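Here's the structure, in structure tokens; my notes come after.
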Amino acid sequence: MAAQDIRLARELGLRISMHVGLGEWGAQQQAVRQLAESGLLASDMTFIHLCTSTDEELRMLAAHGATASVASALEVFMPGLGQPATNRLLAAGVSPSLSVDTETIVSGDMFGVMRAALAYQQLIIAGAAGPMDRVPGLPTFDAADLIAFATIEGARACGIDDRTGSLTPGKEADLIMVRLDHANLLPATDVAASIVAGGHAGNVDLVMVGGEILKENGALRGGDRVFEETAASRNRLFHAAGLKLPA
């Protein structure tokens with residue numbers, strides 16, 4: 001089934017993402033190895049999690065030019081998945097992107113995802129890591145690396161790093177501006193560290209996508225409409241399920 005899906009995606013020119021390496025089943029399945037041995041592993045694939053994928057599988061992924069995404073907030077919160085593979089991916093030569101996985105379990109913002117990845121790295125350094133990470137000399141990352149994982153590496157995983165993901169002449173006008181004069185970020189001596197360790201979505205002052213301003217002065221444009229549609233969707237679901245709406 002996976003082979004059929006992969007071939008269809010390639011016929012249609014679509015990128016492929018797969019959730020692999022989760023829990024004991026992921027370690028037994030070794031999905032990346034199976035794909036490599038089947039001749040299906042390629043650079044148009046992004047693998048999410050990889051918590052229990054072997055180090056050899058991570059090297060296979062790197063050798064084929066595939067990308068990886070670490071959903072660190074979910075992985076440290078939801079039992080049974082395994083631990084974030086960020087440091088092991090770096091050891092294999094892969095700079096991962098970051099992702100949320102599911103907003104029904106954890107917050108959907110990159111600030112929390114960056115902090116979760118950093119917090120788990122501190123456990124590795126302290127010698128309290130999970131069994132996959134008890135390897136001497138694992139490479140580490142810092143706040144500036146995490147911002148890169150959340151921006152340009154995300155664009156690369158989606159195959160759009162030629163037009164977004166970094167402030168580069170010739171790319172689309174995609175901007176995120178963060179206010180550093182908010183109380184939770186002062187004094188912002190190290191800007192990257194302040195944003196990663198203390199930032200949240202409320203600090204984002206402006207968002208521009210393709211030259212169009214979507215958030216300005218800390219407020220979403222058209223936010224009221226989004227909130228109204230969200231409430232209407234919730235009300236419809238509650239009504240269909242025969243549930244009483246919250247007060």
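Labeling convention for the structure tokens: chains A, B, ... as they appear, residues from 1 per chain, ligands from 1 in order of appearance.
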
- Skipping near chain neighbours, those fewer than 6 positions away, what residues fall within 10 Å of Ile152 (chain A) using only C-alpha atoms, listed as JSON, numbers by chain? {"A": [96, 97, 158, 160, 161, 162, 164, 165, 166, 167]}

- Query: So which bits of region 3-246 of chain A end up helix (DSSP H, G or I) when you DSSP the backbone, as an NGL selection string?
  - Reply: :A and (3-11 or 23-29 or 31-37 or 55-63 or 72-77 or 86-91 or 110-125 or 131-133 or 143-150 or 152-157 or 191-198 or 201-203 or 223-240)

Can I get the residues of region 86-196 of chain A within 10 Å of region 14-35 of chain A, each with the closest pair of atoms and their distance in Å to one decimal, using only C-alpha atoms, sorted chain first then ascending number, as a Markdown table?
| residue | atom | partner | partner_atom | distance |
| --- | --- | --- | --- | --- |
| A:Asp101 | CA | A:His19 | CA | 9.3 |
| A:Ala157 | CA | A:Arg15 | CA | 9.0 |
| A:Cys158 | CA | A:Arg15 | CA | 7.3 |
| A:Gly159 | CA | A:Arg15 | CA | 7.6 |

- Enumerate the residues of region 66-223 of chain A with a DSSP assignment of strand (DSSP E), computed from the backbone, and present them as a list in words.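 Put together, the selection reads Thr67, Ala68, Ser69, Val70, Ser97, Leu98, Leu175, Ile176, Met177, Val178, Val204, Asp205, Leu206, Val207, Met208, Val209, Glu212, Ile213, Leu214, Lys215, Glu216, Ala219 and Leu220 of chain A.
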
Same residues, C-alpha atoms, saved as a short mmCIF file (atom, residue, chain, number, x, y, z; two decimals), in the first residue's frame:
data_model
loop_
_atom_site.label_atom_id
_atom_site.label_comp_id
_atom_site.auth_asym_id
_atom_site.auth_seq_id
_atom_site.Cartn_x
_atom_site.Cartn_y
_atom_site.Cartn_z
CA THR A 67 14.41 15.40 5.20
CA ALA A 68 13.21 14.92 8.77
CA SER A 69 10.82 16.68 11.12
CA VAL A 70 10.92 16.51 14.90
CA SER A 97 12.66 20.79 10.68
CA LEU A 98 10.19 21.11 13.55
CA LEU A 175 8.37 38.11 7.34
CA ILE A 176 7.84 37.45 11.03
CA MET A 177 8.69 40.35 13.35
CA VAL A 178 8.97 39.77 17.10
CA VAL A 204 4.81 38.32 17.23
CA ASP A 205 4.03 41.87 16.13
CA LEU A 206 3.83 41.43 12.36
CA VAL A 207 3.38 38.54 9.93
CA MET A 208 3.68 39.03 6.17
CA VAL A 209 3.19 36.25 3.61
CA GLU A 212 0.40 40.50 2.30
CA ILE A 213 0.16 41.55 5.94
CA LEU A 214 -1.77 38.94 7.97
CA LYS A 215 -0.92 40.22 11.46
CA GLU A 216 -0.11 43.80 12.39
CA ALA A 219 -3.49 41.59 16.02
CA LEU A 220 -4.61 39.17 13.31
#

- Task: Name the residues in contact with Phe141 (chain A) at a cut-off of 8 Å, using only C-alpha atoms, excluding same-chain residues fewer than 4 positions from it; report them as number ranges by chain.
- Result: A: 87, 145-146

Output file for the selection above: N, CA, C and O atoms, as a JSON list (two decimals), in the first residue's frame:
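Result saved to selection.json:
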[["chain", "number", "residue", "atom", "x", "y", "z"],
["A", 87, "ASN", "N", 19.12, 15.36, 18.20],
["A", 87, "ASN", "CA", 20.57, 15.22, 18.30],
["A", 87, "ASN", "C", 21.09, 14.06, 17.47],
["A", 87, "ASN", "O", 22.15, 14.15, 16.85],
["A", 145, "ASP", "N", 20.23, 27.68, 16.17],
["A", 145, "ASP", "CA", 19.95, 26.48, 15.37],
["A", 145, "ASP", "C", 18.46, 26.17, 15.38],
["A", 145, "ASP", "O", 17.87, 25.81, 14.34],
["A", 146, "LEU", "N", 17.83, 26.30, 16.56],
["A", 146, "LEU", "CA", 16.40, 25.99, 16.67],
["A", 146, "LEU", "C", 15.56, 26.92, 15.80],
["A", 146, "LEU", "O", 14.58, 26.49, 15.18]]

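Picture a line from CA of Ile124 (chain A) to CA of Ser53 (chain A); it runs 17.5 Å.
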
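Proximity of A:His64, A:Arg115, A:Lys171, A:Arg179 to Pro84 (chain A), computed with only C-alpha atoms, is greatest for A:Arg115.
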
- Distance CA of Phe111 (chain A)-CA of Val196 (chain A), one decimal place?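 So the two atoms, CA of Phe111 (chain A) and CA of Val196 (chain A), lie 6.2 Å apart.
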
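Proximity to Ser72 (chain A) was assessed for A:Gly93, A:Pro139, A:Gly39, A:Gly112 counting only C-alpha atoms; the smallest distance is recorded for A:Gly112.
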
- Message: Can you pull out the residues contacting Ile105 (chain A)? Cut-off 12 Å, using only C-alpha atoms, and skip same-chain residues under 4 positions away; I want them as a PyMOL selection string.
- Response: chain A and resi 71+73-79+100-101

- Query: Out of A:Ala193, A:Ala231, A:Cys51, A:Ala117, which residue has the shortest atom-to-atom distance to Pro131 (chain A) when counting only C-alpha atoms?
  - Reply: A:Cys51
